[in-house]
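Some notes on the structure that comes next.
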Amino acid sequence: MSEFTKPYEEKMDGALRHLDKELVAIRAGRANPAILDRVTVDYYGSPTPINQMAAVAVAEARILTITPWDASLIHAIEHALLVSDIGINPTDDGRVIRLVFPAPTEERRRQLTKDVQKLGEETKVAMRNVRRDAMDKLKAQKKNSEITEDDQKHYEEEMQKITDKYVKLVDKACEEKNKEIMEI
């Protein structure tokens, strides 16, 4: 990796990390604590993530348990879960909140795989935009005689290899998520 391509590769890596976060948030019928990452609870006036105020664990393949460190917060956490977009109604026994993940229907699974593919395509477009920015900069540098034509070709080839590598990583991540979704 050259000094020229390094910032562009970092941008592509950031896009891939963003995709990974988005994919984790997609419910595939399995209990996954990462689904709660975006849910915050009003804790003494400030929004606080659930995992900072409770122990979150996977009790069974489809059951997530939330055990608040302060029992008085159980209703606040339950309310935050109800108003969030996770789509699961919590149940509690006074000490522990349980989230039971229903198995998605065949139709829902197909929709989820379409959503995954759409996220993958959006990420690839972002990566291609990064490549285009790099190519535009190379053309401008060549026009201003800052680099030679050979250097321009070399960096363009390097950017294409980096783009291809990251596109393959996106495809692999989407394929794995789709496989997880389609499992029964």
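Labeling convention for the structure tokens: chains A, B, ... as they appear, residues from 1 per chain, ligands from 1 in order of appearance.
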
Check your understanding: Please, which residues of range 4-123 of chain A, numbered as in this document, come out helix (DSSP H, G or I) from DSSP, as a count of residues only?
Key -> 59

**Study point:** Within 9 Å of Ile77 in chain A using only C-alpha atoms, minus same-chain residues under 2 positions, as a PyMOL selection string
**Key:** chain A and resi 40-42+50+66+68+73-75+79-82+97

Generate a file of the selected residues that holds C-alpha atoms, formatted as a PDB file, in the first residue's frame.
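Output saved as selection_16.pdb:
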ATOM      1  CA  THR A  40     -30.841   3.736  24.903  1.00  0.00           C
ATOM      2  CA  VAL A  41     -32.548   4.234  28.251  1.00  0.00           C
ATOM      3  CA  ASP A  42     -33.210   7.601  29.880  1.00  0.00           C
ATOM      4  CA  ILE A  50     -28.581  -0.881  27.827  1.00  0.00           C
ATOM      5  CA  ILE A  66     -31.220  -8.491  30.311  1.00  0.00           C
ATOM      6  CA  PRO A  68     -30.196  -4.690  35.256  1.00  0.00           C
ATOM      7  CA  LEU A  73     -34.278   0.386  36.217  1.00  0.00           C
ATOM      8  CA  ILE A  74     -36.206  -2.646  34.981  1.00  0.00           C
ATOM      9  CA  HIS A  75     -39.275  -0.633  33.968  1.00  0.00           C
ATOM     10  CA  HIS A  79     -40.096   0.971  28.186  1.00  0.00           C
ATOM     11  CA  ALA A  80     -37.013   1.722  26.047  1.00  0.00           C
ATOM     12  CA  LEU A  81     -37.327  -1.716  24.427  1.00  0.00           C
ATOM     13  CA  LEU A  82     -41.036  -1.184  23.711  1.00  0.00           C
ATOM     14  CA  ILE A  97     -36.110  -9.044  31.169  1.00  0.00           C
TER      15      ILE A  97
END

Check your understanding: Can you tell me, as number ranges by chain, what residues are no more than 12 Å from Ala103 in chain A when counting only C-alpha atoms, ignoring any on the same chain fewer than 3 positions away?
Key -> A: 27-31, 61-63, 88, 100, 106-109, 181-184

Point to revise | Point-to-point distance from CA of Asp37 in chain A to CA of Leu19 in chain A, Å rounded to tenths | key: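 Between CA of Asp37 in chain A and CA of Leu19 in chain A the gap is 14.8 Å.
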
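The shortest atom-to-atom distance to Thr163 in chain A, with only C-alpha atoms taken into account, belongs to A:Arg128 out of A:Lys118, A:Arg98, A:Arg128, A:Lys6.
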
Exercise for review: Compare A:Val56, A:Leu112, A:Leu169, A:Val130 by their minimum atom-to-atom distance to Ile26 in chain A, counting only C-alpha atoms, and give me the closest one.
Suggested key: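 Using only C-alpha atoms, Ile26 in chain A sits closest to A:Leu112.
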
Practice item. Rank A:Thr113, A:Tyr166, A:Glu9, A:Lys142 by their smallest atom-to-atom distance to Val125 in chain A, using only C-alpha atoms, and report the top residue only. Key: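 The closest residue to Val125 in chain A is A:Tyr166.
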
Within 10 Å of Arg131 in chain A, counting only C-alpha atoms, which residues qualify if same-chain residues fewer than 4 places away don't, as an mmCIF file with N, CA, C and O atoms, in the first residue's frame?
data_model
loop_
_atom_site.group_PDB
_atom_site.id
_atom_site.type_symbol
_atom_site.label_atom_id
_atom_site.label_comp_id
_atom_site.auth_asym_id
_atom_site.auth_seq_id
_atom_site.Cartn_x
_atom_site.Cartn_y
_atom_site.Cartn_z
ATOM 1 N N THR A 5 -2.501 5.666 -1.809
ATOM 2 C CA THR A 5 -3.715 4.863 -1.691
ATOM 3 C C THR A 5 -4.170 4.665 -0.245
ATOM 4 O O THR A 5 -5.319 4.292 -0.009
ATOM 5 N N TYR A 8 -7.472 6.302 0.951
ATOM 6 C CA TYR A 8 -8.629 5.763 0.238
ATOM 7 C C TYR A 8 -8.963 4.354 0.746
ATOM 8 O O TYR A 8 -10.123 4.005 0.894
ATOM 9 N N GLU A 9 -7.924 3.580 1.036
ATOM 10 C CA GLU A 9 -8.164 2.243 1.586
ATOM 11 C C GLU A 9 -8.796 2.349 2.979
ATOM 12 O O GLU A 9 -9.674 1.568 3.325
ATOM 13 N N LYS A 11 -10.826 4.710 3.942
ATOM 14 C CA LYS A 11 -12.237 5.051 3.731
ATOM 15 C C LYS A 11 -13.041 3.807 3.368
ATOM 16 O O LYS A 11 -14.160 3.616 3.840
ATOM 17 N N MET A 12 -12.464 2.942 2.519
ATOM 18 C CA MET A 12 -13.159 1.711 2.144
ATOM 19 C C MET A 12 -13.310 0.788 3.351
ATOM 20 O O MET A 12 -14.351 0.150 3.522
ATOM 21 N N VAL A 125 -21.220 0.885 -3.783
ATOM 22 C CA VAL A 125 -21.293 2.195 -4.444
ATOM 23 C C VAL A 125 -20.400 3.199 -3.708
ATOM 24 O O VAL A 125 -19.659 3.962 -4.337
ATOM 25 N N ALA A 126 -20.447 3.162 -2.374
ATOM 26 C CA ALA A 126 -19.597 4.071 -1.588
ATOM 27 C C ALA A 126 -18.121 3.803 -1.889
ATOM 28 O O ALA A 126 -17.319 4.742 -2.033
ATOM 29 N N MET A 127 -17.766 2.528 -2.004
ATOM 30 C CA MET A 127 -16.370 2.179 -2.298
ATOM 31 C C MET A 127 -15.969 2.618 -3.701
ATOM 32 O O MET A 127 -14.856 3.094 -3.913
ATOM 33 N N MET A 135 -9.117 8.368 -8.523
ATOM 34 C CA MET A 135 -8.787 8.477 -9.955
ATOM 35 C C MET A 135 -8.822 9.930 -10.418
ATOM 36 O O MET A 135 -7.961 10.373 -11.185
ATOM 37 N N ASP A 136 -9.804 10.679 -9.950
ATOM 38 C CA ASP A 136 -9.898 12.100 -10.306
ATOM 39 C C ASP A 136 -8.677 12.862 -9.799
ATOM 40 O O ASP A 136 -8.125 13.723 -10.494
ATOM 41 N N LYS A 137 -8.255 12.530 -8.580
ATOM 42 C CA LYS A 137 -7.083 13.213 -8.016
ATOM 43 C C LYS A 137 -5.829 12.875 -8.828
ATOM 44 O O LYS A 137 -4.993 13.743 -9.079
ATOM 45 N N GLU A 156 -3.437 3.896 -10.358
ATOM 46 C CA GLU A 156 -4.771 3.488 -10.796
ATOM 47 C C GLU A 156 -4.941 1.977 -10.652
ATOM 48 O O GLU A 156 -5.976 1.502 -10.183
ATOM 49 N N MET A 159 -5.276 1.166 -6.963
ATOM 50 C CA MET A 159 -6.618 1.503 -6.459
ATOM 51 C C MET A 159 -7.646 0.461 -6.907
ATOM 52 O O MET A 159 -8.534 0.088 -6.146
ATOM 53 N N GLN A 160 -7.507 -0.028 -8.144
ATOM 54 C CA GLN A 160 -8.439 -1.026 -8.639
ATOM 55 C C GLN A 160 -8.306 -2.327 -7.851
ATOM 56 O O GLN A 160 -9.306 -2.950 -7.491
ATOM 57 N N ILE A 162 -7.297 -2.628 -4.743
ATOM 58 C CA ILE A 162 -7.856 -2.376 -3.407
ATOM 59 C C ILE A 162 -9.386 -2.416 -3.470
ATOM 60 O O ILE A 162 -10.040 -3.035 -2.635
ATOM 61 N N THR A 163 -9.945 -1.767 -4.497
ATOM 62 C CA THR A 163 -11.408 -1.763 -4.658
ATOM 63 C C THR A 163 -11.934 -3.185 -4.831
ATOM 64 O O THR A 163 -12.911 -3.576 -4.186
#

Check your understanding: Near Leu99 in chain A, counting only C-alpha atoms, which residues have an atom at most 7 Å away, once you skip same-chain residues fewer than 4 positions from it, shown as a list in words?
Key -> Ile63, Leu64, Thr65, Ile88, Asn89, Pro90 and Thr91 of chain A

Restrict the selected residues to C-alpha atoms and save them as a short mmCIF file (atom, residue, chain, number, x, y, z; two decimals), in the first residue's frame.
data_model
loop_
_atom_site.label_atom_id
_atom_site.label_comp_id
_atom_site.auth_asym_id
_atom_site.auth_seq_id
_atom_site.Cartn_x
_atom_site.Cartn_y
_atom_site.Cartn_z
CA ILE A 63 -33.78 -15.87 24.01
CA LEU A 64 -31.87 -12.82 25.16
CA THR A 65 -31.81 -11.94 28.87
CA ILE A 88 -39.92 -7.70 20.14
CA ASN A 89 -42.09 -7.36 23.24
CA PRO A 90 -40.08 -7.82 26.43
CA THR A 91 -41.28 -9.92 29.38
#

Point to revise | DSSP-assigned strand (DSSP E) among range 1-180 of chain A, expressed as a list in words | key: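 So the strand (DSSP E) residues in range 1-180 of chain A would be Thr40, Val41, Asp42, Tyr43, Ser46, Pro47, Thr48, Pro49, Ala54, Ala55, Val56, Ala57, Val58, Ala59, Glu60, Ile63, Leu64, Thr65, Ile66, Thr67, Pro68, Thr91, Asp92, Ile97, Arg98, Leu99 and Val100 of chain A.
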